[in-house]
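Have a look at the structure below before the remarks.
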Amino acid sequence: MNRLAIAAIILIATSSPASAEKIFVQGPDGHKYKGKLRLPDDVERSPVVVMIPGTAGVDRRQRFYRKPLLAHGIGTFVLDIKSGVFRSTRDRPEVDHNLPVVMRALRMLRKRPDIDPARVAIMGWSYGATIAMRFARQSYADELFESGEKPFAAHVGIYGGCHKREHLLLDVPMLLITGLEDTIVPPERCEKFKDNYPKALYPGVKVVFLENAHHGFDKKGVNKNRRGRIMRWNAEAAERSQDIVTNYFDKTLNDGK
């Protein structure tokens with residue numbers, strides 16, 4: 001095999017499965033929020049998962065889930081809600097501050113001819129998970145969505161989104177994944193959430209607990225302990241979460257195809 005052929009093989013093997021398109025979302029606060037859209041190849045109108053990072057901002061966690069989703073024909077849109085807005089939990093805005101921004105992103109995506117407007121889902125981590133789950137509440141949906149406008153096709157929250165009080169939820173698919181060792185969003189809160197929404201009444205709600213998993217279990221290399229608030233990478237939990245999320249979106253957005 002000649003050198004050109006070898007170089008071509010290496011290029012194919014190392015190239016990104018989908019190039020990123022930068023999209024800016026003008027927020028009501030005047031700030032331009034940056035997003036990155038990646039769509040799978042050879043899909044005429046693809047489903048898309050809007051990804052909302054947590055307080056740490058955009059990091060390797062979005063890429064960790066993005067790769068298998070693209071392989072299943074599902075695009076991703078990572079919305080950077082942090083850069084130029086806040087630095088930490090000390091100056092972080094309230095969750096509701098982000099809802100109009102996410103709505104504008106959703107409407108922009110739905111107008112694109114290469115995206116199926118009926119198959120746009122939302123996923124978040126920690127603070128971002130709380131944002132994602134806000135859209136599943138009936139009261140917020142009534143306020144945010146216009147008449148005839150469909151809600152997100154599915155909602156996923158990673159170690160977050162288990163609100164403390166019971167609220168009327170939309171009849172849409174919802175998945176929450178949390179670690180049994182989480183000291184930031186205690187599993188007891190998600191147990192209570194699960195009890196508040198029994199399967200018989202809310203068949204779309206699913207809560208998964210991962211053993212030996214702390215907050216941030218899917219952020220490779222992280223190992224922090226600040227006054228008992230632990231963030232720790234767990235490869236086994238991360239891989240399981242990745243599989244659960246990928247299969248979940250494949251089922252809810254692709255109907256298992």
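Note on naming: chains are A, B, ... as they come in the structure tokens, residues start from 1 per chain, ligands start from 1 in the order shown.
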Excluding Tyr159 in chain A and any residue of its chain fewer than 3 positions from it, enumerate the residues within 7 Å of it, using only C-alpha atoms, and give them as number ranges by chain.
-> A: 125-126, 177-179, 185, 215
Check which residues of range 144-227 of chain A sit at most 9 Å from range 242-250 of chain A using only C-alpha atoms, and return one row each with the closest pair of atoms and their distance in Å to one decimal, ordered by chain and rising number, as CSV.
residue,atom,partner,partner_atom,distance
A:Ala154,CA,A:Phe249,CA,7.8
A:Val156,CA,A:Val245,CA,7.8
A:Leu175,CA,A:Tyr248,CA,8.2
A:Ile177,CA,A:Val245,CA,9.0
A:Asp218,CA,A:Gln242,CA,8.5
With all heavy atoms kept, could you save the residues just selected as a PDB file, in the first residue's frame?
ATOM      1  N   ALA A 154     -38.456  14.727  24.615  1.00  0.00           N
ATOM      2  CA  ALA A 154     -37.999  13.915  25.751  1.00  0.00           C
ATOM      3  C   ALA A 154     -37.082  14.772  26.613  1.00  0.00           C
ATOM      4  O   ALA A 154     -36.487  15.742  26.134  1.00  0.00           O
ATOM      5  CB  ALA A 154     -37.266  12.664  25.271  1.00  0.00           C
ATOM      6  N   VAL A 156     -33.956  14.511  29.708  1.00  0.00           N
ATOM      7  CA  VAL A 156     -33.009  13.686  30.460  1.00  0.00           C
ATOM      8  C   VAL A 156     -32.243  14.583  31.425  1.00  0.00           C
ATOM      9  O   VAL A 156     -31.735  15.635  31.039  1.00  0.00           O
ATOM     10  CB  VAL A 156     -32.015  12.950  29.535  1.00  0.00           C
ATOM     11  CG1 VAL A 156     -30.901  12.296  30.351  1.00  0.00           C
ATOM     12  CG2 VAL A 156     -32.740  11.888  28.721  1.00  0.00           C
ATOM     13  N   LEU A 175     -36.318  11.002  31.857  1.00  0.00           N
ATOM     14  CA  LEU A 175     -35.352  10.087  32.449  1.00  0.00           C
ATOM     15  C   LEU A 175     -34.406  10.856  33.357  1.00  0.00           C
ATOM     16  O   LEU A 175     -33.827  11.860  32.938  1.00  0.00           O
ATOM     17  CB  LEU A 175     -34.546   9.377  31.347  1.00  0.00           C
ATOM     18  CG  LEU A 175     -33.315   8.591  31.791  1.00  0.00           C
ATOM     19  CD1 LEU A 175     -33.701   7.377  32.633  1.00  0.00           C
ATOM     20  CD2 LEU A 175     -32.493   8.150  30.573  1.00  0.00           C
ATOM     21  N   ILE A 177     -31.022  10.239  35.918  1.00  0.00           N
ATOM     22  CA  ILE A 177     -29.979   9.314  36.336  1.00  0.00           C
ATOM     23  C   ILE A 177     -29.168   9.968  37.442  1.00  0.00           C
ATOM     24  O   ILE A 177     -28.706  11.105  37.291  1.00  0.00           O
ATOM     25  CB  ILE A 177     -29.052   8.949  35.157  1.00  0.00           C
ATOM     26  CG1 ILE A 177     -29.860   8.315  34.021  1.00  0.00           C
ATOM     27  CG2 ILE A 177     -27.954   7.995  35.609  1.00  0.00           C
ATOM     28  CD1 ILE A 177     -29.037   8.012  32.776  1.00  0.00           C
ATOM     29  N   ASP A 218     -19.560  10.983  35.369  1.00  0.00           N
ATOM     30  CA  ASP A 218     -19.262  10.845  33.947  1.00  0.00           C
ATOM     31  C   ASP A 218     -18.270  11.888  33.436  1.00  0.00           C
ATOM     32  O   ASP A 218     -18.072  12.018  32.226  1.00  0.00           O
ATOM     33  CB  ASP A 218     -20.547  10.902  33.119  1.00  0.00           C
ATOM     34  CG  ASP A 218     -21.387  12.142  33.421  1.00  0.00           C
ATOM     35  OD1 ASP A 218     -21.037  12.901  34.350  1.00  0.00           O
ATOM     36  OD2 ASP A 218     -22.393  12.359  32.721  1.00  0.00           O
TER      37      ASP A 218
END
What are the DSSP alpha helix (DSSP H) residues of range 65-172 of chain A, as a PyMOL selection string?
-> chain A and resi 65-71+99-110+127-134+138-144
Range 221-237 of chain A surroundings by only C-alpha atoms, 9 Å radius, close-in-sequence under 4 positions cut, as a PyMOL selection string = chain A and resi 179+181-184+210-217+241-242
Strand (DSSP E) call set, DSSP backbone run, range 95-255 of chain A, as a VMD selection string = chain A and resid 115 to 125 155 to 158 174 to 179 205 to 210 223 to 226 229 to 232
Interatomic distance between CA of Tyr197 in chain A and CA of Gln62 in chain A?
->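 Computed distance, CA of Tyr197 in chain A to CA of Gln62 in chain A, equals 28.1 Å.
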Nearest-residue call for Arg107 in chain A, choices A:Ile131, A:Thr76, A:Ala71, A:Val50, using only C-alpha atoms =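 Answer, going by the shortest atom-to-atom distance: A:Val50.
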